[in-house]
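**Q** First the structure, then my questions, so here it is.
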2 protein chains.
Amino acid sequence: MKATIVTIGDEILIGQIVDSNSSFIAKALDKIGIATHEMLSISDDKDHIISTFQKLQNNVDVVIVTGGLGPTKDDITKKTFCEYFNDTLVEHPEVLEHVTQMIEGIYKRPITQLNIDQALVPSKAKILFNKMGTAPGMWMEYENTVFISLPGVPYEMKYLIENEVISALIQKFERPFIVHQTLMTYGRGESMIAEQIEAWENNLPAFIKLAYLPSPGRVRLRLTARGTNESELKEAIKKQVFTLTPLIYDIIVGFEESDTIEVVLGRKLKEKGFTIATAESCTGGKIGQMIASVAGSSNYFKGSLVTYETQSKINVLGVLKATIENHSVVSEQVAREMAVNVKRIMQSDFAVATTGNAGPLKGESEEDLGVVFIAVASPNSVFVERFEFGQPREKVIDRAVNKAFELVYKEI
Amino acid sequence: MKATIVTIGDEILIGQIVDSNSSFIAKALDKIGIATHEMLSISDDKDHIISTFQKLQNNVDVVIVTGGLGPTKDDITKKTFCEYFNDTLVEHPEVLEHVTQMIEGIYKRPITQLNIDQALVPSKAKILFNKMGTAPGMWMEYENTVFISLPGVPYEMKYLIENEVISALIQKFERPFIVHQTLMTYGRGESMIAEQIEAWENNLPAFIKLAYLPSPGRVRLRLTARGTNESELKEAIKKQVFTLTPLIYDIIVGFEESDTIEVVLGRKLKEKGFTIATAESCTGGKIGQMIASVAGSSNYFKGSLVTYETQSKINVLGVLKATIENHSVVSEQVAREMAVNVKRIMQSDFAVATTGNAGPLKGESEEDLGVVFIAVASPNSVFVERFEFGQPREKVIDRAVNKAFELVYKEI
């Protein structure tokens with residue numbers, strides 16, 4: 001079972017937007033045992049689309065196309081489907097009713113010809129009804145390949161994948177099993193981990209693969225097993241995780257891809273009935289925003305005081321003017337006062353604070369670019385660590401955010 | 001001049017990470033007039049890489065490969081280069097010295113065999129020296145195609161593109177001109193804009209293309225001209241922008257891709273000498289974080305008070321308990337007090353506040369899921385608007401953030 005994902009759109013080929021649709025689709029396919037053989041991004045051009053279809057025809061089982069639909073895209077995918085499958089466009093009454101309802105009922109404006117044209121679909125296509133938007137998805141079968149066309153708008157594409165495409169694929173194809181498990185680690189580099197677990201890795205059976213997925217401050221270790229017996233695969237993965245864990249127990253925060261540090265931290269806080277608050281300078285509120293991005297975070301997140309300006313550290317957080325004058329605004333002492341004071345102001349059990357020079361220019365301190373102090377206050381104590389995160393600005397912010405999570409997670 | 005960008009890595013094909021490298025590379029190529037014909041993501045597999053190279057050989061001028069380098073990737077790209085170009089690996093003394101320096105000097109640990117192996121490179125390759133990491137880039141020419149291999153770590157890839165690859169491509173190839181201009185618009189949908197500017201769009205000359213790039217709350221309109229005379233192209237684009245602008249002047253915030261609303265807002269604040277602060281509930285600090293993400297924002301950003309918990313709205317922001325009891329926490333009145341109070345506490349000229357139900361569960365209010373109130377306080381006044389952003393949670397947050405920027409931008 002092999003699939004290829006094709007993204008249509010010049011905006012991707014000139015680097016104006018990053019294609020995140022393909023990743024979402026690949027993950028959904030992977031879960032039902034369909035391997036993505038390739039991902040392709042091509043232009044909004046009929047000939048390019050047709051030559052791509054010709055190359056894929058009978059070489060993969062499924063082709064999922066996103067983009068090239070909708071009024072301002074000239075519905076190029078729909079027209080290309082007609083040409084490639086030797087078909088014509090016909091008006092689809094249910095789709096027309098839905099489009100009319102969306103435009104007149106929700107957007108509260110009269111329907112136009114552009115909108116009406118969205119209800120034209122190739123006569124041989126099975127329609128994948130798009131409740132989230134006006135461009136319908138389409139399913140066409142030709143010889144040994146299924147072609148599926150989806151709108152490029154992420155919310156609409158996701159809706160169709162989850163509610164129409166996956167169930168139809170499950171019904172159509174027999175599939176092998178793919179079992180993944182991802183260990184989430186924080187605070188150690190890829191090659192150091194590789195050396196630590198080398199002997200274990202060399203002993204992995206051939207049907208299990210290990211991948212290292214590093215990003216600033218963290219590495220995900222992914223185990224993948226492929227085969228025909230799902231329970232055997234699960235058992236084999238479990239066994240490997242069992243022997244791997246003791247080797248790196250000090251850096252593991254979770255055992256699932258969804259166990260990001262903000263999720264794991266939230267779970268821990270909820271379990272123990274603790275609350276948290278942040279006081280942020282150079283991280284600009286990103287730590288708090290990540291805590292808040294988790295559904296249910298209102299149970300344990302009190303809030304953040306983002307004191308970007310020096311004066312606001314004094315006025316809002318009550319950092320002593322003398323501390324700033326004696327130690328500069330980027331200092332251990334200021335970070336400490338920020339954490340202790342936000343904990344008191346927000347009446348939280350834990351607090352984390354950051355102050356640093358993200359760059360590109362030096363601020364009001366004598367510390368080098370990239371230096372960040374992170375303070376963690378817990379019910380009975382407070383500690384501060386100093387880090388050098390280098391440059392550029394975004395890297396400093398990302399690494400400071402991940403490090404702050406790591407420190408506060410370990411403390412709780 | 002055509003290029004294809006190839007990303008190597010199973011982690012992309014199973015949807016575990018989104019490939020943002022290709023987008024960065026495409027943008028850099030586009031700037032120097034090299035069109036990206038296709039982007040491809042393929043597996044960490046030698047046969048897959050070789051068959052891809054064979055298909056691209058002599059069909060495109062440049063192939064840029066990222067990923068598949070480094071100790072934990074088994075340096076698959078390097079080995080495949082050797083096989084494809086019939087070459088062998090040799091130790092590169094300068095690279096070895098650099099790797100040794102990085103490991104022993106910066107990471108402060110003894111060098112291992114895995115590290116030493118990184119200095120092995122194909123003998124025919126021109127080395128692209130990677131100051132940011134231990135895996136070198138490589139440049140190989142064969143018949144009519146240049147193959148360039150870069151590490152997959154974004155900071156390292158970016159460094160090599162900016163400091164080595166682009167200048168080498170400029171020297172090697174004669175290139176046509178591509179001129180882009182992007183109009184950044186906020187607050188109106190794609191199809192409504194399309195109808196408004198239809199007559200103008202139909203009159204565009206054939207060498208100029210228009211693309212609509214929608215995301216929650218905003219649409220970017222991109223004009224692209226291709227040809228041989230750069231100044232003529234620039235002039236033609238300028239003329240079109242001049243006639244387009246009056247048609248949608250009320251929604252345009254900028255005329256460059258980099259004119260995101262947080263950048264444009266920052267510029268306006270700086271010009272007028274105003275400062276800003278935010279008080280956020282459902283947006284979790286994202287508005288403040290975006291303001292802070294702009295270099296130089298310390299000139300006008302005072303900070304944010306993220307009062308996620310109801311009690312913290314009272315304690316930190318001084319919202320009256322009676323207001324919350326009488327109107328509920330998601331209400332016009334609470335948003336208004338949040339904006340007015342944060343402006344006073346942070347001593348800023350402007351302030352923006354949000355309170356709403358992002359979902360997926362209802363919070364402590366009677367408003368529907370997706371309802372958000374946004375308040376903007378300016379030196380002499382304050383106003384509040386109510387929005388219904390639907391679901392899911394991320395969409396509500398994104399739309400609220402963009403709408404808040406739009407409202408405060410217009411007010412200033």
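How things are named: the first chain in the structure tokens is A, the next is B, and so on; residues count from 1 in each chain; ligands count from 1 in the order shown.
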Please return, as a PDB file with N, CA and C atoms, in the first residue's frame, all residues of chain B lying within 6 Å of chain A when only C-alpha atoms are considered.

**A**
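Wrote selection-v3.pdb, looks like this:
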```pdb
ATOM      1  N   LEU B  13       7.898  11.843   5.858  1.00  0.00           N
ATOM      2  CA  LEU B  13       6.907  11.003   5.174  1.00  0.00           C
ATOM      3  C   LEU B  13       5.881  10.372   6.113  1.00  0.00           C
ATOM      4  N   ILE B  14       6.191  10.294   7.401  1.00  0.00           N
ATOM      5  CA  ILE B  14       5.156   9.805   8.311  1.00  0.00           C
ATOM      6  C   ILE B  14       4.448  10.973   8.995  1.00  0.00           C
ATOM      7  N   GLY B  15       4.788  12.180   8.599  1.00  0.00           N
ATOM      8  CA  GLY B  15       4.069  13.342   9.121  1.00  0.00           C
ATOM      9  C   GLY B  15       4.512  13.766  10.504  1.00  0.00           C
ATOM     10  N   VAL B  18       7.088  18.837   9.902  1.00  0.00           N
ATOM     11  CA  VAL B  18       6.734  19.587   8.704  1.00  0.00           C
ATOM     12  C   VAL B  18       8.032  20.080   8.082  1.00  0.00           C
ATOM     13  N   SER B  20      10.017  22.638   6.587  1.00  0.00           N
ATOM     14  CA  SER B  20      10.023  24.078   6.326  1.00  0.00           C
ATOM     15  C   SER B  20      11.293  24.485   5.590  1.00  0.00           C
ATOM     16  N   SER B  23      10.749  25.468   1.779  1.00  0.00           N
ATOM     17  CA  SER B  23      10.179  26.784   1.617  1.00  0.00           C
ATOM     18  C   SER B  23      11.258  27.862   1.709  1.00  0.00           C
ATOM     19  N   PHE B  24      12.132  27.724   2.683  1.00  0.00           N
ATOM     20  CA  PHE B  24      13.219  28.700   2.843  1.00  0.00           C
ATOM     21  C   PHE B  24      14.113  28.717   1.605  1.00  0.00           C
ATOM     22  N   ALA B  26      13.375  27.678  -1.476  1.00  0.00           N
ATOM     23  CA  ALA B  26      12.644  28.169  -2.652  1.00  0.00           C
ATOM     24  C   ALA B  26      12.609  29.694  -2.672  1.00  0.00           C
ATOM     25  N   LYS B  27      12.403  30.281  -1.510  1.00  0.00           N
ATOM     26  CA  LYS B  27      12.363  31.740  -1.422  1.00  0.00           C
ATOM     27  C   LYS B  27      13.720  32.344  -1.807  1.00  0.00           C
ATOM     28  N   ASP B  30      14.167  31.920  -5.596  1.00  0.00           N
ATOM     29  CA  ASP B  30      13.267  32.826  -6.296  1.00  0.00           C
ATOM     30  C   ASP B  30      13.847  34.227  -6.379  1.00  0.00           C
ATOM     31  N   THR B  36      11.690  27.277  -8.737  1.00  0.00           N
ATOM     32  CA  THR B  36      11.610  25.914  -8.217  1.00  0.00           C
ATOM     33  C   THR B  36      10.510  25.191  -8.989  1.00  0.00           C
ATOM     34  N   GLU B  38       9.770  21.784  -8.773  1.00  0.00           N
ATOM     35  CA  GLU B  38       9.074  20.859  -7.877  1.00  0.00           C
ATOM     36  C   GLU B  38       9.800  20.785  -6.550  1.00  0.00           C
ATOM     37  N   MET B  39       9.032  20.391  -5.522  1.00  0.00           N
ATOM     38  CA  MET B  39       9.645  19.997  -4.254  1.00  0.00           C
ATOM     39  C   MET B  39       9.265  18.541  -4.034  1.00  0.00           C
ATOM     40  N   LEU B  40      10.205  17.782  -3.517  1.00  0.00           N
ATOM     41  CA  LEU B  40      10.001  16.348  -3.338  1.00  0.00           C
ATOM     42  C   LEU B  40      10.443  15.954  -1.937  1.00  0.00           C
ATOM     43  N   SER B  41       9.651  15.139  -1.258  1.00  0.00           N
ATOM     44  CA  SER B  41      10.135  14.545  -0.010  1.00  0.00           C
ATOM     45  C   SER B  41      10.200  13.043  -0.205  1.00  0.00           C
ATOM     46  N   ILE B  42      11.360  12.471   0.076  1.00  0.00           N
ATOM     47  CA  ILE B  42      11.555  11.035  -0.152  1.00  0.00           C
ATOM     48  C   ILE B  42      12.159  10.384   1.085  1.00  0.00           C
ATOM     49  N   GLY B 284      -4.106  33.865  25.459  1.00  0.00           N
ATOM     50  CA  GLY B 284      -2.994  33.277  26.223  1.00  0.00           C
ATOM     51  C   GLY B 284      -1.662  34.006  26.143  1.00  0.00           C
ATOM     52  N   GLY B 285      -1.635  35.222  25.640  1.00  0.00           N
ATOM     53  CA  GLY B 285      -0.383  35.957  25.535  1.00  0.00           C
ATOM     54  C   GLY B 285       0.176  35.999  24.128  1.00  0.00           C
ATOM     55  N   LYS B 286      -0.577  35.436  23.166  1.00  0.00           N
ATOM     56  CA  LYS B 286      -0.043  35.337  21.802  1.00  0.00           C
ATOM     57  C   LYS B 286       0.083  36.704  21.126  1.00  0.00           C
ATOM     58  N   GLN B 289       3.180  38.171  22.466  1.00  0.00           N
ATOM     59  CA  GLN B 289       4.339  37.413  21.997  1.00  0.00           C
ATOM     60  C   GLN B 289       4.669  37.761  20.552  1.00  0.00           C
ATOM     61  N   ALA B 292       6.315  41.097  20.552  1.00  0.00           N
ATOM     62  CA  ALA B 292       7.688  40.959  21.033  1.00  0.00           C
ATOM     63  C   ALA B 292       8.595  40.236  20.049  1.00  0.00           C
ATOM     64  N   LYS B 302       5.360  47.562  26.047  1.00  0.00           N
ATOM     65  CA  LYS B 302       5.528  47.628  27.500  1.00  0.00           C
ATOM     66  C   LYS B 302       5.439  46.236  28.113  1.00  0.00           C
ATOM     67  N   GLY B 303       4.516  45.420  27.607  1.00  0.00           N
ATOM     68  CA  GLY B 303       4.349  44.082  28.157  1.00  0.00           C
ATOM     69  C   GLY B 303       2.900  43.638  28.112  1.00  0.00           C
ATOM     70  N   SER B 304       2.657  42.426  28.619  1.00  0.00           N
ATOM     71  CA  SER B 304       1.304  41.853  28.608  1.00  0.00           C
ATOM     72  C   SER B 304       0.939  41.359  29.995  1.00  0.00           C
ATOM     73  N   LEU B 305      -0.327  41.489  30.332  1.00  0.00           N
ATOM     74  CA  LEU B 305      -0.813  40.827  31.537  1.00  0.00           C
ATOM     75  C   LEU B 305      -1.771  39.740  31.079  1.00  0.00           C
ATOM     76  N   VAL B 306      -1.300  38.512  31.181  1.00  0.00           N
ATOM     77  CA  VAL B 306      -2.107  37.378  30.720  1.00  0.00           C
ATOM     78  C   VAL B 306      -2.849  36.834  31.928  1.00  0.00           C
ATOM     79  N   THR B 307      -4.106  37.213  32.042  1.00  0.00           N
ATOM     80  CA  THR B 307      -4.897  36.815  33.207  1.00  0.00           C
ATOM     81  C   THR B 307      -5.845  35.715  32.761  1.00  0.00           C
ATOM     82  N   TYR B 308      -5.311  34.495  32.813  1.00  0.00           N
ATOM     83  CA  TYR B 308      -6.047  33.365  32.276  1.00  0.00           C
ATOM     84  C   TYR B 308      -7.152  32.974  33.244  1.00  0.00           C
ATOM     85  N   GLU B 309      -6.810  32.947  34.490  1.00  0.00           N
ATOM     86  CA  GLU B 309      -7.763  32.568  35.541  1.00  0.00           C
ATOM     87  C   GLU B 309      -8.655  33.763  35.875  1.00  0.00           C
TER      88      GLU B 309
END
```

**Q** Using only C-alpha atoms, which protein or nucleic acid residues come within 7 Å of Tyr186 in chain B? Drop anything in the same chain fewer than 3 positions from it, and give the result as a ChimeraX atom specification.

**A** /B:217-219,251-252,406

**Q** Identify, on the basis of only C-alpha atoms, every residue whose closest approach to Leu160 in chain A does not exceed 10 Å; exclude the query and any residue fewer than 2 positions from it along the same chain; express the result as a list in words.

**A**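 After dropping sequence-adjacent residues, the list is Leu128, Phe129, Asn130, Lys131, Met132, Pro136, Gly137, Leu150, Pro151, Pro154, Tyr155, Glu156, Met157, Lys158, Glu162, Asn163, Glu164, Val165 and Ile166 of chain A.
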
**Q** Work out how far apart CA of Ile412 in chain B and CA of Asp349 in chain B are and give it in Å to one decimal.

**A**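 Rounded to one decimal, the two atoms are 9.9 Å apart.
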
**Q** Could you check which of B:Ala168, B:Ile261, B:Val121, B:Val60 is closest to Met138 in chain B, using only C-alpha atoms?

**A** B:Val121

**Q** In terms of the shortest atom-to-atom distance over only C-alpha atoms, which of B:Phe383, B:Met184, B:Ser378, B:Ile32 is closest to Ser258 in chain B?

**A**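 With only C-alpha atoms as the atom set, the closest residue is B:Met184.
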
**Q** From range 291-359 of chain B, collect each residue whose DSSP state is strand (DSSP E) and return the set as number ranges by chain.

**A** B: 301-307, 350-356

**Q** Export, as a PDB file, in the first residue's frame, the selected residues with C-alpha atoms.

**A**
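Dumped to result_21.pdb:
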```
ATOM      1  CA  PHE B 301       6.140  47.225  23.773  1.00  0.00           C
ATOM      2  CA  LYS B 302       5.528  47.628  27.500  1.00  0.00           C
ATOM      3  CA  GLY B 303       4.349  44.082  28.157  1.00  0.00           C
ATOM      4  CA  SER B 304       1.304  41.853  28.608  1.00  0.00           C
ATOM      5  CA  LEU B 305      -0.813  40.827  31.537  1.00  0.00           C
ATOM      6  CA  VAL B 306      -2.107  37.378  30.720  1.00  0.00           C
ATOM      7  CA  THR B 307      -4.897  36.815  33.207  1.00  0.00           C
ATOM      8  CA  PHE B 350      -2.598  52.014  23.652  1.00  0.00           C
ATOM      9  CA  ALA B 351      -3.826  48.711  24.966  1.00  0.00           C
ATOM     10  CA  VAL B 352      -5.669  45.737  23.539  1.00  0.00           C
ATOM     11  CA  ALA B 353      -7.568  43.141  25.581  1.00  0.00           C
ATOM     12  CA  THR B 354      -9.217  39.802  24.801  1.00  0.00           C
ATOM     13  CA  THR B 355     -11.660  37.630  26.696  1.00  0.00           C
ATOM     14  CA  GLY B 356     -13.488  34.699  25.147  1.00  0.00           C
TER      15      GLY B 356
END
```

**Q** Go through B:His98, B:Lys268, B:Lys2, B:Lys239 and flag the residue nearest Val253 in chain B, using only C-alpha atoms for the distances.

**A**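 For Val253 in chain B, the nearest of the candidates is B:Lys268.
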
**Q** Write out as an MDAnalysis selection string the residues lying within 12 Å of Glu232 in chain B, counting only C-alpha atoms and excluding same-chain residues fewer than 4 positions away.

**A** chainID B and resid 177:179 207:208 225:228 236:239

**Q** Among range 122-352 of chain A, which ones does DSSP place in helix (DSSP H, G or I), written as a ChimeraX atom specification?

**A** /A:154-172,190-196,198-202,230-247,261-272,286-292,297-299,310-315,321-327,332-346

**Q** So the first atom is CA of Asp75 in chain A and the second is CA of Ile116 in chain A; what is the distance between them in Å, to one decimal place?

**A**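 Pair CA of Asp75 in chain A / CA of Ile116 in chain A returns 12.4 Å.
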
**Q** If I take CA of Gln240 in chain B and CA of Glu201 in chain B, how far is one from the other in Å, to one decimal?

**A**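 We find that CA of Gln240 in chain B and CA of Glu201 in chain B lie 9.4 Å from each other.
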